[in-house]
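Chemist: What follows is a single structure, and I will ask about it in a moment.
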Amino acid sequence: MALDMKAQPAMKLRRIAEADFPTRHGNSRIFGFQQGEDEAVVLVLGRPADNCKPPLVRIHSQCLTGDVFGSLRCDCRDQLQLSLQLISAEGCGLVIYELKEGRGIGLMNKLQAYELQDRGVDTVEANRRLGFAPDLRNYALPAAILGHFGLSAVRLLSNNPGKVQALEQAGIRVVERLPCEVPPTETRRRYLRTKKDKLGHLLTNV
């Protein structure tokens with residue numbers, strides 16, 4: 001469930017850095033942002049605020065195990081690559097990469113959750129046994145970043161309806177939610193089913 005950001009005190013958004021950033025998916029600009037203790041890296045392709053239609057946006061939470069090491073326990077890396085491909089094909093859009101490992105519990109806690117999952121529990125129950133909510137994230141920082149770029153409406157690449165709700169609560173209109181599904185593998189089928197059954201993610205291929 002997304003956090004009601006209307007009840008949260010507003011914190012100042014700080015743009016820390018900006019630079020050219022050529023990638024395999026095209027030339028972009030890379031930005032660093034902070035808001036309170038939260039941080040995010042943003043890739044911007046094209047000029048989203050000048051586009052005639054709301055740009056594609058992916059809000060992606062850091063996943064060292066998937067994004068860097070190619071873990072097949074989750075679909076994070078594949079979702080990120082799919083998003084980059086779709087945004088590149090349009091020539092315009094943003095990837096907001098939040099530093100919120102393990103749905104916000106942190107890397108070491110995430111690895112402890114892996115241990116518990118190896119003993120038979122799912123990702124939601126593993127978080128609970130470690131003393132955390134199933135998902136600690138809120139999306140105040142991405143909403144503030146979109147506002148910084150002058151965006152009041154987006155097309156969101158996500159399977160998580162909580163992200164849609166959070167952005168709408170923050171005054172960012174989600175005119176379209178585009179699925180960000182990738183083919184399941186046996187190693188992550190249970191993970192995906194837990195996201196669908198217990199977290200309400202909109203998945204069709206599990």
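Lettering and numbering for the structure tokens are positional, with chains as A, B, ... in the shown order, residues counted from 1 in each chain, and ligands counted from 1 in the shown order.
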Please return as a ChimeraX atom specification: the residues of stretch 6-151 of chain A that backbone DSSP assigns to alpha helix (DSSP H).

Modeler: /A:76-90,101-104,107-118,123-129,140-148

Chemist: Please produce a file of the residues just selected, as a PDB file, in the first residue's frame, where the atoms kept are C-alpha atoms.

Modeler:
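Written out: again-v8.pdb:
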```pdb
ATOM      1  CA  CYS A  76      14.300  -6.109 -11.464  1.00  0.00           C
ATOM      2  CA  ARG A  77      17.100  -6.040 -14.032  1.00  0.00           C
ATOM      3  CA  ASP A  78      14.808  -7.175 -16.833  1.00  0.00           C
ATOM      4  CA  GLN A  79      12.233  -4.516 -15.947  1.00  0.00           C
ATOM      5  CA  LEU A  80      14.923  -1.834 -15.948  1.00  0.00           C
ATOM      6  CA  GLN A  81      16.304  -2.918 -19.321  1.00  0.00           C
ATOM      7  CA  LEU A  82      12.819  -3.116 -20.831  1.00  0.00           C
ATOM      8  CA  SER A  83      12.076   0.394 -19.583  1.00  0.00           C
ATOM      9  CA  LEU A  84      15.292   1.779 -21.044  1.00  0.00           C
ATOM     10  CA  GLN A  85      14.521   0.144 -24.389  1.00  0.00           C
ATOM     11  CA  LEU A  86      10.985   1.547 -24.506  1.00  0.00           C
ATOM     12  CA  ILE A  87      12.071   5.050 -23.490  1.00  0.00           C
ATOM     13  CA  SER A  88      14.920   4.966 -26.000  1.00  0.00           C
ATOM     14  CA  ALA A  89      12.525   3.906 -28.761  1.00  0.00           C
ATOM     15  CA  GLU A  90      10.416   7.002 -28.056  1.00  0.00           C
ATOM     16  CA  GLU A 101      17.319  -1.617  -1.846  1.00  0.00           C
ATOM     17  CA  GLY A 102      15.002  -4.478  -0.958  1.00  0.00           C
ATOM     18  CA  ARG A 103      11.788  -2.413  -1.037  1.00  0.00           C
ATOM     19  CA  GLY A 104      13.444  -0.016   1.356  1.00  0.00           C
ATOM     20  CA  LEU A 107      21.022  -4.469   1.306  1.00  0.00           C
ATOM     21  CA  MET A 108      22.120  -6.428   4.390  1.00  0.00           C
ATOM     22  CA  ASN A 109      18.530  -6.914   5.529  1.00  0.00           C
ATOM     23  CA  LYS A 110      17.632  -8.003   2.025  1.00  0.00           C
ATOM     24  CA  LEU A 111      20.316 -10.692   2.141  1.00  0.00           C
ATOM     25  CA  GLN A 112      18.930 -11.854   5.482  1.00  0.00           C
ATOM     26  CA  ALA A 113      15.528 -12.020   3.815  1.00  0.00           C
ATOM     27  CA  TYR A 114      17.100 -14.222   1.140  1.00  0.00           C
ATOM     28  CA  GLU A 115      18.192 -16.629   3.885  1.00  0.00           C
ATOM     29  CA  LEU A 116      14.662 -16.811   5.213  1.00  0.00           C
ATOM     30  CA  GLN A 117      13.304 -17.361   1.716  1.00  0.00           C
ATOM     31  CA  ASP A 118      15.700 -20.283   1.296  1.00  0.00           C
ATOM     32  CA  THR A 123       9.363 -12.192   0.376  1.00  0.00           C
ATOM     33  CA  VAL A 124       6.505 -10.616   2.333  1.00  0.00           C
ATOM     34  CA  GLU A 125       6.800 -13.008   5.262  1.00  0.00           C
ATOM     35  CA  ALA A 126      10.602 -12.685   5.261  1.00  0.00           C
ATOM     36  CA  ASN A 127      10.321  -8.918   5.691  1.00  0.00           C
ATOM     37  CA  ARG A 128       7.840  -9.348   8.523  1.00  0.00           C
ATOM     38  CA  ARG A 129      10.076 -11.806  10.358  1.00  0.00           C
ATOM     39  CA  ALA A 140       7.581  11.469  -2.458  1.00  0.00           C
ATOM     40  CA  LEU A 141      11.034  11.884  -3.981  1.00  0.00           C
ATOM     41  CA  PRO A 142      10.085  10.715  -7.505  1.00  0.00           C
ATOM     42  CA  ALA A 143       7.035  12.988  -7.432  1.00  0.00           C
ATOM     43  CA  ALA A 144       9.205  15.950  -6.440  1.00  0.00           C
ATOM     44  CA  ILE A 145      11.692  15.109  -9.197  1.00  0.00           C
ATOM     45  CA  LEU A 146       8.937  15.024 -11.814  1.00  0.00           C
ATOM     46  CA  GLY A 147       7.788  18.422 -10.588  1.00  0.00           C
ATOM     47  CA  HIS A 148      11.360  19.715 -10.845  1.00  0.00           C
TER      48      HIS A 148
END
```

Chemist: Contacts of stretch 27-29 of chain A at 6 Å or less, counting only C-alpha atoms, minus same-chain residues fewer than 2 places along, as a list in words?

Modeler: Ala19, Asp20, Phe21, Pro22, Thr23, Leu43, Val44 and Leu45 of chain A

Chemist: Contacts of A:Glu18 at 8 Å or less, counting only C-alpha atoms, minus same-chain residues fewer than 2 places along, as a PyMOL selection string?

Modeler: chain A and resi 15-16+20+29-32

Chemist: For the residues in the current selection, export N, CA and C atoms as a compact mmCIF listing (two decimals), in the first residue's frame.

Modeler:
```txt
# COMPACT_ATOMS: atom_id res chain seq x y z
N ARG A 15 19.04 19.39 -6.06
CA ARG A 15 19.73 18.81 -7.22
C ARG A 15 21.22 18.87 -6.93
N ILE A 16 21.86 17.70 -6.83
CA ILE A 16 23.25 17.63 -6.41
C ILE A 16 24.20 17.72 -7.59
N ASP A 20 26.46 15.06 -18.79
CA ASP A 20 26.17 14.25 -19.98
C ASP A 20 26.39 12.77 -19.64
N ARG A 29 21.08 12.74 -20.09
CA ARG A 29 21.64 13.53 -19.00
C ARG A 29 21.41 12.74 -17.72
N ILE A 30 22.41 12.76 -16.83
CA ILE A 30 22.27 12.08 -15.55
C ILE A 30 22.26 13.12 -14.45
N PHE A 31 21.36 12.96 -13.50
CA PHE A 31 21.18 13.89 -12.40
C PHE A 31 21.25 13.13 -11.08
N GLY A 32 21.68 13.82 -10.05
CA GLY A 32 21.60 13.30 -8.69
C GLY A 32 20.73 14.22 -7.85
```

Chemist: Contacts of A:Thr187 at 9 Å or less, counting only C-alpha atoms, minus same-chain residues fewer than 4 places along, as a ChimeraX atom specification?

Modeler: /A:72-74,191

Chemist: Would you give me, as a PyMOL selection string, the residues in stretch 21-173 of chain A that DSSP reads as strand (DSSP E or B)?

Modeler: chain A and resi 21-23+26-35+38-45+56-61+93-98+153-157+173

Chemist: Using the selection just defined, write its residues with C-alpha atoms as a PDB file, in the first residue's frame.

Modeler:
```
ATOM      1  CA  PHE A  21      25.681  10.480 -19.914  1.00  0.00           C
ATOM      2  CA  PRO A  22      26.024   8.458 -23.132  1.00  0.00           C
ATOM      3  CA  THR A  23      24.596   4.937 -22.819  1.00  0.00           C
ATOM      4  CA  GLY A  26      21.312   6.682 -26.423  1.00  0.00           C
ATOM      5  CA  ASN A  27      22.676   9.945 -25.126  1.00  0.00           C
ATOM      6  CA  SER A  28      21.091  11.219 -21.944  1.00  0.00           C
ATOM      7  CA  ARG A  29      21.641  13.532 -18.997  1.00  0.00           C
ATOM      8  CA  ILE A  30      22.269  12.077 -15.554  1.00  0.00           C
ATOM      9  CA  PHE A  31      21.180  13.887 -12.396  1.00  0.00           C
ATOM     10  CA  GLY A  32      21.602  13.298  -8.686  1.00  0.00           C
ATOM     11  CA  PHE A  33      18.872  14.409  -6.265  1.00  0.00           C
ATOM     12  CA  GLN A  34      18.400  14.394  -2.497  1.00  0.00           C
ATOM     13  CA  GLN A  35      15.318  15.000  -0.383  1.00  0.00           C
ATOM     14  CA  ASP A  38      16.407   9.896   0.347  1.00  0.00           C
ATOM     15  CA  GLU A  39      18.516   9.908  -2.814  1.00  0.00           C
ATOM     16  CA  ALA A  40      17.865   9.133  -6.460  1.00  0.00           C
ATOM     17  CA  VAL A  41      19.719   9.091  -9.758  1.00  0.00           C
ATOM     18  CA  VAL A  42      17.741  10.206 -12.788  1.00  0.00           C
ATOM     19  CA  LEU A  43      18.400   9.500 -16.463  1.00  0.00           C
ATOM     20  CA  VAL A  44      16.676  11.930 -18.798  1.00  0.00           C
ATOM     21  CA  LEU A  45      16.449  11.179 -22.515  1.00  0.00           C
ATOM     22  CA  LEU A  56       7.342   7.555 -20.369  1.00  0.00           C
ATOM     23  CA  VAL A  57       8.644   7.299 -16.806  1.00  0.00           C
ATOM     24  CA  ARG A  58      10.097   4.363 -14.909  1.00  0.00           C
ATOM     25  CA  ILE A  59      10.479   4.617 -11.116  1.00  0.00           C
ATOM     26  CA  HIS A  60      12.966   1.879 -10.276  1.00  0.00           C
ATOM     27  CA  SER A  61      14.235   0.879  -6.836  1.00  0.00           C
ATOM     28  CA  GLY A  93      11.514   9.937 -21.020  1.00  0.00           C
ATOM     29  CA  LEU A  94      12.945   9.464 -17.554  1.00  0.00           C
ATOM     30  CA  VAL A  95      14.249   6.666 -15.376  1.00  0.00           C
ATOM     31  CA  ILE A  96      14.182   7.581 -11.693  1.00  0.00           C
ATOM     32  CA  TYR A  97      16.499   5.163  -9.878  1.00  0.00           C
ATOM     33  CA  GLU A  98      15.837   5.337  -6.140  1.00  0.00           C
ATOM     34  CA  ALA A 153       1.391  14.182 -16.268  1.00  0.00           C
ATOM     35  CA  VAL A 154       3.248  10.977 -17.165  1.00  0.00           C
ATOM     36  CA  ARG A 155       2.841   7.545 -18.675  1.00  0.00           C
ATOM     37  CA  LEU A 156       4.156   5.188 -16.030  1.00  0.00           C
ATOM     38  CA  LEU A 157       6.022   1.962 -16.749  1.00  0.00           C
ATOM     39  CA  ARG A 173      -1.447  12.721 -13.236  1.00  0.00           C
TER      40      ARG A 173
END
```

Chemist: Taking only C-alpha atoms into account, which of A:Leu151, A:Thr204, A:Thr185, A:Glu37 comes nearest A:Ala170?

Modeler: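 Looking at the shortest contact to A:Ala170, the residue is A:Leu151.
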
Chemist: Looking at only C-alpha atoms, which of A:Gly46, A:Pro54, A:Gly36, A:Pro161 is the one that sits closest to A:Val175?

Modeler: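 Nearest candidate to A:Val175 out of A:Gly46, A:Pro54, A:Gly36, A:Pro161: A:Pro54.
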
Chemist: What's the separation between atom CA of A:Lys12 and atom CA of A:Gly150, in Å to one decimal place?

Modeler: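 Atom CA of A:Gly150 lies at a distance of 16.0 Å from atom CA of A:Lys12.
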
Chemist: Do you have the atom CA of A:Gly200-atom CA of A:Asp135 distance handy?

Modeler: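 Distance reported for this atom pair: 11.7 Å.
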